[in-house]
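Visitor: Structure: run.txt, compact mmCIF, C-alpha atoms and all ligand atoms.
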# COMPACT_ATOMS: atom_id res chain seq x y z
CA MET A 15 -3.91 -36.84 15.61
CA CYS A 16 -4.37 -33.48 17.24
CA LEU A 17 -4.13 -30.37 15.04
CA ALA A 18 -3.39 -27.10 16.82
CA VAL A 19 -5.68 -24.27 15.63
CA PRO A 20 -3.64 -21.03 15.41
CA ARG A 21 -4.82 -18.49 17.97
CA ALA A 22 -6.07 -15.19 16.54
CA LEU A 23 -3.79 -12.31 17.52
CA SER A 24 -5.15 -9.58 19.80
CA ALA A 25 -5.27 -5.99 18.50
CA GLU A 26 -2.20 -5.16 20.60
CA GLU A 27 -0.26 -8.10 19.14
CA ILE A 28 -1.20 -7.07 15.58
CA ARG A 29 0.17 -3.58 16.21
CA ASP A 30 3.34 -4.96 17.75
CA VAL A 31 3.91 -7.40 14.87
CA ASN A 32 3.34 -4.61 12.34
CA ALA A 33 5.86 -2.31 14.02
CA ARG A 34 8.52 -5.06 14.25
CA TYR A 35 7.96 -6.43 10.73
CA HIS A 36 8.09 -2.99 9.11
CA ASP A 37 11.11 -1.87 11.17
CA VAL A 38 13.07 -4.76 9.66
CA ALA A 39 11.55 -4.29 6.17
CA ALA A 40 12.35 -0.54 6.06
CA ASP A 41 15.93 -0.93 4.80
CA HIS A 42 15.05 -2.72 1.58
CA TYR A 43 11.40 -1.66 1.23
CA ASP A 44 11.86 0.75 -1.70
CA ALA A 45 13.95 -1.73 -3.69
CA LYS A 46 11.54 -4.62 -3.02
CA TRP A 47 8.45 -2.71 -4.16
CA GLY A 48 10.09 -0.62 -6.91
CA ILE A 49 9.23 2.65 -5.12
CA ASP A 50 10.17 5.59 -7.26
CA PHE A 51 10.29 9.32 -6.55
CA GLY A 52 10.89 10.41 -10.14
CA ASP A 53 8.45 11.03 -12.98
CA VAL A 54 7.09 7.47 -12.84
CA GLY A 55 6.32 7.57 -9.10
CA GLN A 56 4.73 11.02 -9.30
CA ALA A 57 2.57 10.03 -12.29
CA GLN A 58 1.44 6.85 -10.50
CA VAL A 59 0.43 8.67 -7.33
CA LEU A 60 -1.27 11.54 -9.18
CA ALA A 61 -3.23 9.00 -11.27
CA LYS A 62 -4.47 7.29 -8.09
CA VAL A 63 -5.53 10.58 -6.49
CA ARG A 64 -7.21 11.78 -9.69
CA LYS A 65 -9.08 8.48 -9.96
CA ALA A 66 -10.15 8.70 -6.33
CA LEU A 67 -11.40 12.28 -6.57
CA GLY A 68 -12.87 11.92 -10.05
CA ARG A 69 -11.33 15.29 -11.03
CA ASP A 70 -8.01 17.09 -11.43
CA VAL A 71 -5.82 17.02 -8.33
CA PRO A 72 -6.03 20.36 -6.45
CA ARG A 73 -3.28 21.66 -4.15
CA PHE A 74 -3.85 20.66 -0.50
CA GLU A 75 -2.45 22.96 2.20
CA ARG A 76 -2.03 20.58 5.19
CA SER A 77 -1.92 16.84 4.66
CA LEU A 78 -1.63 13.96 7.10
CA GLU A 79 -0.53 10.53 5.93
CA ILE A 80 -1.38 7.38 7.92
CA GLY A 81 1.05 4.43 7.67
CA SER A 82 3.27 6.44 5.37
CA GLY A 83 6.08 3.88 5.16
CA THR A 84 9.07 5.29 3.28
CA GLY A 85 7.02 8.16 1.80
CA TYR A 86 5.71 6.80 -1.51
CA PHE A 87 2.45 8.76 -1.36
CA THR A 88 3.33 12.00 0.44
CA LEU A 89 6.78 12.64 -1.03
CA ASN A 90 5.52 12.08 -4.57
CA LEU A 91 2.52 14.37 -3.96
CA MET A 92 4.85 17.07 -2.60
CA LEU A 93 7.20 16.72 -5.57
CA ALA A 94 4.21 17.01 -7.92
CA GLY A 95 3.08 20.20 -6.12
CA ALA A 96 -0.19 18.71 -4.82
CA VAL A 97 0.65 19.09 -1.11
CA ARG A 98 2.25 22.08 0.64
CA ALA A 99 2.83 21.07 4.28
CA ALA A 100 2.97 17.36 5.12
CA THR A 101 2.85 15.33 8.31
CA CYS A 102 3.65 11.63 7.97
CA THR A 103 2.76 9.05 10.62
CA ASP A 104 3.57 5.37 10.99
CA ILE A 105 3.62 2.78 13.75
CA SER A 106 7.16 1.77 12.67
CA PRO A 107 9.97 4.19 13.64
CA GLY A 108 12.20 2.33 11.14
CA MET A 109 9.90 3.24 8.27
CA LEU A 110 9.81 6.88 9.39
CA ALA A 111 13.62 6.98 9.52
CA ALA A 112 13.72 5.71 5.91
CA LEU A 113 11.11 8.33 4.96
CA SER A 114 13.14 11.15 6.54
CA ALA A 115 16.24 9.98 4.64
CA ASN A 116 14.25 9.96 1.37
CA ALA A 117 12.82 13.42 2.12
CA GLN A 118 16.26 14.84 2.86
CA ARG A 119 17.69 13.37 -0.36
CA LEU A 120 14.78 14.93 -2.32
CA GLY A 121 15.13 18.30 -0.56
CA LEU A 122 11.67 18.11 1.07
CA GLU A 123 10.67 19.13 4.58
CA VAL A 124 8.24 16.72 6.28
CA CYS A 125 7.12 16.33 9.89
CA THR A 126 7.19 12.67 11.03
CA VAL A 127 5.32 11.26 14.05
CA ALA A 128 5.43 7.64 15.21
CA THR A 129 1.89 6.73 16.22
CA ASP A 130 -0.87 4.19 15.86
CA ALA A 131 -3.59 5.11 13.34
CA GLU A 132 -6.26 4.57 15.98
CA GLU A 133 -4.90 7.25 18.30
CA LEU A 134 -3.71 10.34 16.45
CA PRO A 135 -1.88 12.95 18.57
CA PHE A 136 -3.31 15.94 16.67
CA ALA A 137 -5.95 18.53 17.52
CA ASP A 138 -9.41 18.39 15.92
CA GLY A 139 -9.58 19.94 12.43
CA SER A 140 -5.78 20.10 11.91
CA PHE A 141 -5.64 18.88 8.28
CA ASP A 142 -7.30 19.42 4.89
CA LEU A 143 -6.36 15.98 3.62
CA VAL A 144 -5.94 12.61 5.36
CA ILE A 145 -4.34 10.04 3.05
CA GLY A 146 -2.86 6.59 3.05
CA HIS A 147 -1.66 3.85 0.71
CA ALA A 148 -1.76 0.13 1.55
CA ILE A 149 -2.40 0.79 5.24
CA LEU A 150 -6.05 0.17 6.18
CA HIS A 151 -5.68 -3.62 5.90
CA HIS A 152 -3.13 -3.57 8.78
CA ILE A 153 -5.33 -1.69 11.28
CA PRO A 154 -7.14 -3.80 13.90
CA ASN A 155 -10.01 -1.41 14.75
CA LEU A 156 -11.01 0.41 11.57
CA ALA A 157 -14.15 2.00 13.03
CA GLN A 158 -11.97 3.76 15.62
CA ALA A 159 -9.34 4.71 13.02
CA PHE A 160 -11.94 6.29 10.71
CA ARG A 161 -13.34 8.27 13.67
CA GLU A 162 -9.82 9.61 14.21
CA PHE A 163 -9.41 10.49 10.50
CA ALA A 164 -12.71 12.40 10.61
CA ARG A 165 -11.81 14.15 13.89
CA VAL A 166 -8.43 15.54 12.74
CA LEU A 167 -9.87 16.68 9.41
CA ALA A 168 -11.06 20.28 9.00
CA PRO A 169 -14.67 20.76 7.83
CA GLY A 170 -14.82 20.22 4.07
CA GLY A 171 -11.57 18.18 4.17
CA THR A 172 -10.88 15.00 2.21
CA VAL A 173 -10.07 11.44 3.26
CA LEU A 174 -8.38 9.32 0.59
CA PHE A 175 -6.99 5.78 0.87
CA ALA A 176 -5.66 3.74 -2.05
CA GLY A 177 -3.97 0.39 -2.54
CA GLU A 178 -6.29 -1.56 -0.22
CA PRO A 179 -6.69 -5.25 -1.09
CA SER A 180 -10.17 -6.24 -2.23
CA ARG A 181 -11.43 -9.55 -0.85
CA TYR A 182 -12.35 -10.97 -4.23
CA GLY A 183 -9.25 -9.60 -5.99
CA ASP A 184 -7.05 -11.02 -3.24
CA ARG A 185 -8.60 -14.48 -3.73
CA VAL A 186 -8.13 -14.32 -7.50
CA ALA A 187 -4.47 -13.23 -7.05
CA GLN A 188 -3.80 -16.62 -5.42
CA ILE A 189 -4.09 -18.18 -8.92
CA PRO A 190 -1.02 -16.46 -10.48
CA LYS A 191 0.86 -16.85 -7.19
CA ARG A 192 0.27 -20.63 -7.10
CA ALA A 193 0.93 -21.05 -10.82
CA ALA A 194 4.22 -19.13 -10.51
CA ALA A 195 5.28 -21.18 -7.46
CA THR A 196 4.68 -24.38 -9.49
CA VAL A 197 6.79 -23.30 -12.47
CA ALA A 198 9.46 -21.52 -10.38
CA PRO A 199 12.03 -24.41 -10.54
CA LEU A 200 11.75 -24.48 -14.37
CA TRP A 201 12.01 -20.69 -14.54
CA ARG A 202 15.14 -20.70 -12.33
CA ARG A 203 16.73 -23.33 -14.55
CA ALA A 204 15.90 -21.25 -17.65
CA ILE A 205 17.62 -18.13 -16.25
CA GLY A 206 20.39 -20.10 -14.51
CA ALA A 207 19.46 -18.93 -10.98
CA ARG A 208 20.10 -20.70 -7.68
CA PRO A 209 17.16 -21.17 -5.29
CA ALA A 210 16.67 -18.36 -2.74
CA PRO A 211 18.83 -18.86 0.35
CA PRO A 212 16.92 -19.72 3.55
CA ALA A 213 16.13 -16.61 5.59
CA GLU A 214 18.58 -16.16 8.48
CA GLY A 215 19.29 -12.56 9.50
CA GLY A 216 15.94 -11.66 7.92
CA ALA A 217 14.20 -14.49 9.80
CA PRO A 218 12.18 -12.19 12.09
CA GLU A 219 10.73 -10.46 9.03
CA ALA A 220 9.93 -13.72 7.20
CA SER A 221 8.28 -15.26 10.24
CA LEU A 222 6.04 -12.20 10.78
CA GLU A 223 5.06 -11.72 7.13
CA GLY A 224 1.88 -13.80 7.31
CA LEU A 225 0.66 -11.94 10.41
CA VAL A 226 0.73 -8.28 9.40
CA ASP A 227 -2.24 -8.24 6.99
CA VAL A 228 -5.51 -8.45 8.88
CA HIS A 229 -8.19 -7.45 6.34
CA ALA A 230 -9.21 -7.67 2.70
CA PHE A 231 -12.30 -5.61 1.88
CA ALA A 232 -15.59 -5.77 0.08
CA PRO A 233 -16.20 -2.23 -1.29
CA GLY A 234 -19.32 -1.83 0.90
CA GLU A 235 -17.30 -2.36 4.08
CA LEU A 236 -15.03 0.60 3.34
CA THR A 237 -18.07 2.73 2.52
CA GLY A 238 -19.58 1.69 5.87
CA PHE A 239 -16.53 2.73 7.94
CA ALA A 240 -16.44 6.15 6.25
CA ARG A 241 -20.18 6.81 6.67
CA ASP A 242 -20.26 5.60 10.28
CA ALA A 243 -17.49 8.11 11.07
CA GLY A 244 -19.73 10.93 9.78
CA LEU A 245 -18.03 11.35 6.39
CA THR A 246 -20.06 12.03 3.24
CA ASP A 247 -19.67 11.82 -0.56
CA VAL A 248 -18.05 8.39 -0.21
CA ARG A 249 -16.65 7.01 -3.49
CA ILE A 250 -15.06 3.64 -4.15
CA ALA A 251 -12.97 2.75 -7.21
CA GLY A 252 -11.02 -0.36 -8.17
CA GLU A 253 -7.60 -0.52 -9.78
CA GLU A 254 -5.11 -3.06 -11.13
CA LEU A 255 -6.26 -6.34 -12.59
CA LEU A 256 -3.93 -7.49 -15.37
CA ALA A 257 -1.05 -5.51 -13.85
CA ASN A 258 -1.57 -7.28 -10.58
CA TRP A 259 -1.65 -10.82 -11.96
CA PHE A 260 1.51 -10.03 -13.90
CA GLY A 261 3.12 -8.44 -10.82
CA TRP A 262 2.35 -11.34 -8.48
CA THR A 263 3.58 -13.88 -11.02
CA ASN A 264 6.92 -12.11 -11.34
CA ARG A 265 7.31 -11.37 -7.64
CA THR A 266 6.65 -15.03 -6.78
CA LEU A 267 9.20 -16.20 -9.35
CA GLU A 268 11.80 -13.67 -8.21
CA ALA A 269 11.29 -14.53 -4.54
CA SER A 270 12.11 -18.18 -5.33
CA ALA A 271 15.56 -17.31 -6.72
CA HIS A 272 18.81 -16.08 -5.22
CA PRO A 273 18.53 -12.27 -5.60
CA GLU A 274 22.02 -12.02 -7.14
CA ASP A 275 21.05 -14.45 -9.91
CA VAL A 276 17.98 -12.62 -11.23
CA PRO A 277 19.23 -10.86 -14.37
CA TRP A 278 18.81 -7.13 -14.79
CA GLY A 279 17.02 -7.76 -18.12
CA TRP A 280 14.36 -9.81 -16.33
CA ARG A 281 13.81 -7.17 -13.66
CA ASN A 282 13.53 -4.53 -16.36
CA TYR A 283 10.96 -6.61 -18.26
CA ALA A 284 8.95 -7.20 -15.06
CA TYR A 285 8.97 -3.49 -14.12
CA HIS A 286 8.07 -2.11 -17.56
CA GLY A 287 5.55 -4.89 -18.21
CA TYR A 288 3.81 -3.95 -14.97
CA LEU A 289 3.69 -0.25 -15.91
CA ALA A 290 2.34 -1.08 -19.39
CA LEU A 291 -0.41 -3.31 -17.97
CA GLN A 292 -1.33 -0.61 -15.44
CA LYS A 293 -2.07 1.62 -18.44
CA VAL A 294 -4.20 -1.10 -20.06
CA ASP A 295 -6.14 -1.58 -16.81
CA ARG A 296 -6.69 2.16 -16.53
CA ALA A 297 -7.71 2.74 -20.14
CA LEU A 298 -9.87 -0.33 -20.73
CA LEU A 299 -10.98 -2.06 -17.57
CA GLU A 300 -11.30 0.24 -14.58
CA SER A 301 -14.23 2.27 -15.88
CA ARG A 302 -16.07 -0.81 -17.17
CA LEU A 303 -15.81 -3.47 -14.46
CA PRO A 304 -17.11 -3.43 -10.86
CA ALA A 305 -14.59 -2.22 -8.24
CA ALA A 306 -14.77 -5.52 -6.32
CA LEU A 307 -13.09 -7.42 -9.20
CA PHE A 308 -9.86 -5.45 -8.95
CA TYR A 309 -6.97 -6.22 -6.65
CA ASN A 310 -6.84 -2.75 -5.09
CA LEU A 311 -9.61 -0.54 -3.80
CA ILE A 312 -9.56 3.23 -3.44
CA VAL A 313 -11.89 5.02 -1.04
CA THR A 314 -12.44 8.73 -0.77
CA ALA A 315 -14.86 10.78 1.34
CA ARG A 316 -15.40 14.29 2.64
CA LYS A 317 -16.01 15.78 6.07
CA PRO A 318 -19.18 17.88 5.86
CA ALA A 319 -18.42 21.60 5.69
C1 LIG B 1 2.28 -1.94 3.29
S1 LIG B 1 3.11 -0.67 4.14
C2 LIG B 1 2.71 0.73 3.09
C3 LIG B 1 3.68 1.86 3.28
C4 LIG B 1 3.42 3.05 2.35
N1 LIG B 1 2.15 3.67 2.61
C5 LIG B 1 3.53 2.61 0.92
O1 LIG B 1 2.52 2.55 0.23
O2 LIG B 1 4.64 2.33 0.47
C6 LIG B 1 2.07 -0.39 5.55
C7 LIG B 1 2.60 0.64 6.53
O3 LIG B 1 1.62 0.81 7.56
C8 LIG B 1 2.26 0.87 8.82
N2 LIG B 1 1.31 0.42 9.85
C9 LIG B 1 0.88 -0.83 10.11
N3 LIG B 1 -0.01 -0.82 11.11
C10 LIG B 1 -0.18 0.47 11.48
C11 LIG B 1 -0.98 1.12 12.47
N4 LIG B 1 -1.81 0.46 13.26
N5 LIG B 1 -0.89 2.46 12.57
C12 LIG B 1 -0.04 3.16 11.76
N6 LIG B 1 0.74 2.60 10.83
C13 LIG B 1 0.67 1.27 10.68
C14 LIG B 1 3.46 -0.05 8.65
O4 LIG B 1 4.46 0.19 9.60
C15 LIG B 1 3.88 0.23 7.22
O5 LIG B 1 4.81 1.28 7.13
Spit out the file's structure as structure tokens when you get a sec.
Guide:
Amino acid sequence: MCLAVPRALSAEEIRDVNARYHDVAADHYDAKWGIDFGDVGQAQVLAKVRKALGRDVPRFERSLEIGSGTGYFTLNLMLAGAVRAATCTDISPGMLAALSANAQRLGLEVCTVATDAEELPFADGSFDLVIGHAILHHIPNLAQAFREFARVLAPGGTVLFAGEPSRYGDRVAQIPKRAAATVAPLWRRAIGARPAPPAEGGAPEASLEGLVDVHAFAPGELTGFARDAGLTDVRIAGEELLANWFGWTNRTLEASAHPEDVPWGWRNYAYHGYLALQKVDRALLESRLPAALFYNLIVTARKPA
């Protein structure tokens, strides 16, 4: 028997797949990931930034977001008063269109630019803050991307990325995912849900899903990219352990069922359970356990003044 070994995608193909996958995902992205622009969303984002900086969140004058998606990070930071003027970039025009619609609904003015993170169309020293959430693991050449982040940052400016999958945490998250997939038929029977319909119109998205994530990180790797780009004061933190296991269990169960059959009460339990466990992680675990154990990593650094 001859087994075909899948060919690794080139950097260009990874970018293309990311743009196409996220263009299709943009329409239902906020609903799928529970993205919120109210008090909950603002508190979540401020907590991440505070954790990253290790101090109260100051007000940044000019911020640039990389891979901004529908605006989770930037729009919440603007609403919370932590950012004055914002530029949001993404490789997916569909995501930027969703972001602009969110910004308009929230009464915020944001500049959007469709671009690849490795080639930023901005002059040197244009921003005081370069941020991103759940983006670095999609970028083929991170050394080049970090050089660009450092270049567009003004002296003394801050780089801050959160929500990056840690290699160890990602491996451990397979346990709740597999366990949930095993019990999913029983769970569906218990809540009276039909199995999820096979993807048809959404087929392009489903078929690209396994190709968009290209890295999971050991904390030292992120530190290395930042230092090699000339950044200093590099800090790494970890977040979400219990919350993540709980979240992946519920997401795997929900994905196995017909969306119309998942009761509101269940979704409410999953959402509030996740928020409660985030608080437990924050209060008890994050300051005591090594960053590598957590599902998400946060990296922050500074451009020398
Ligand atoms: C997982 S989503 C996160 C979106 C948003 N930051 C959030 O947290 O909700 C990753 C985003 O990165 C964008 N992206 C992927 N590869 C990129 C690249 N090479 N350059 C810029 N953006 C990219 C995707 O289009 C997508 O919007």
Visitor: Produce as a ChimeraX atom specification the set of residues near ligand LIG 1 (chain B), where near means within 8 Å with only C-alpha atoms and all ligand atoms considered.
Guide: /A:28-29,32-33,35-37,40,43-44,47,49,80-87,103-107,109-110,128-132,146-150,152-154,177,226
Visitor: Using 6 Å of padding on each side, determine the axis-aligned box around all atoms of range 251-261 of chain A present in the file and give its centre and edge lengths in Å to one decimal, as AutoDock Vina command-line options.
Guide:
--center_x -4.9 --center_y -4.0 --center_z -11.3 --size_x 28.1 --size_y 25.6 --size_z 20.2
Visitor: Quick one: everything within 10 Å of Glu75 in chain A, counting all atoms listed in the file, minus sequence neighbours fewer than 4 positions away in the same chain. Send it as a list in words.
Guide: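 Near Glu75 in chain A, the qualifying residues are Ala96, Val97, Arg98, Ala99, Ala100, Phe141, Asp142 and Leu143 of chain A.
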Visitor: Just give me the gap between CA of Leu93 in chain A and CA of Val144 in chain A in Å, one decimal is fine.
Guide: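 Value for the CA of Leu93 in chain A-CA of Val144 in chain A distance: 17.6 Å.
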Visitor: Excluding same-chain residues fewer than 5 positions from range 281-284 of chain A, what lies within 9 Å of it counting all atoms listed in the file, as a list in words?
Guide: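 What passes the distance filter is Phe260, Gly261, Asn264, Arg265, Glu268, Val276 and Leu289 of chain A.
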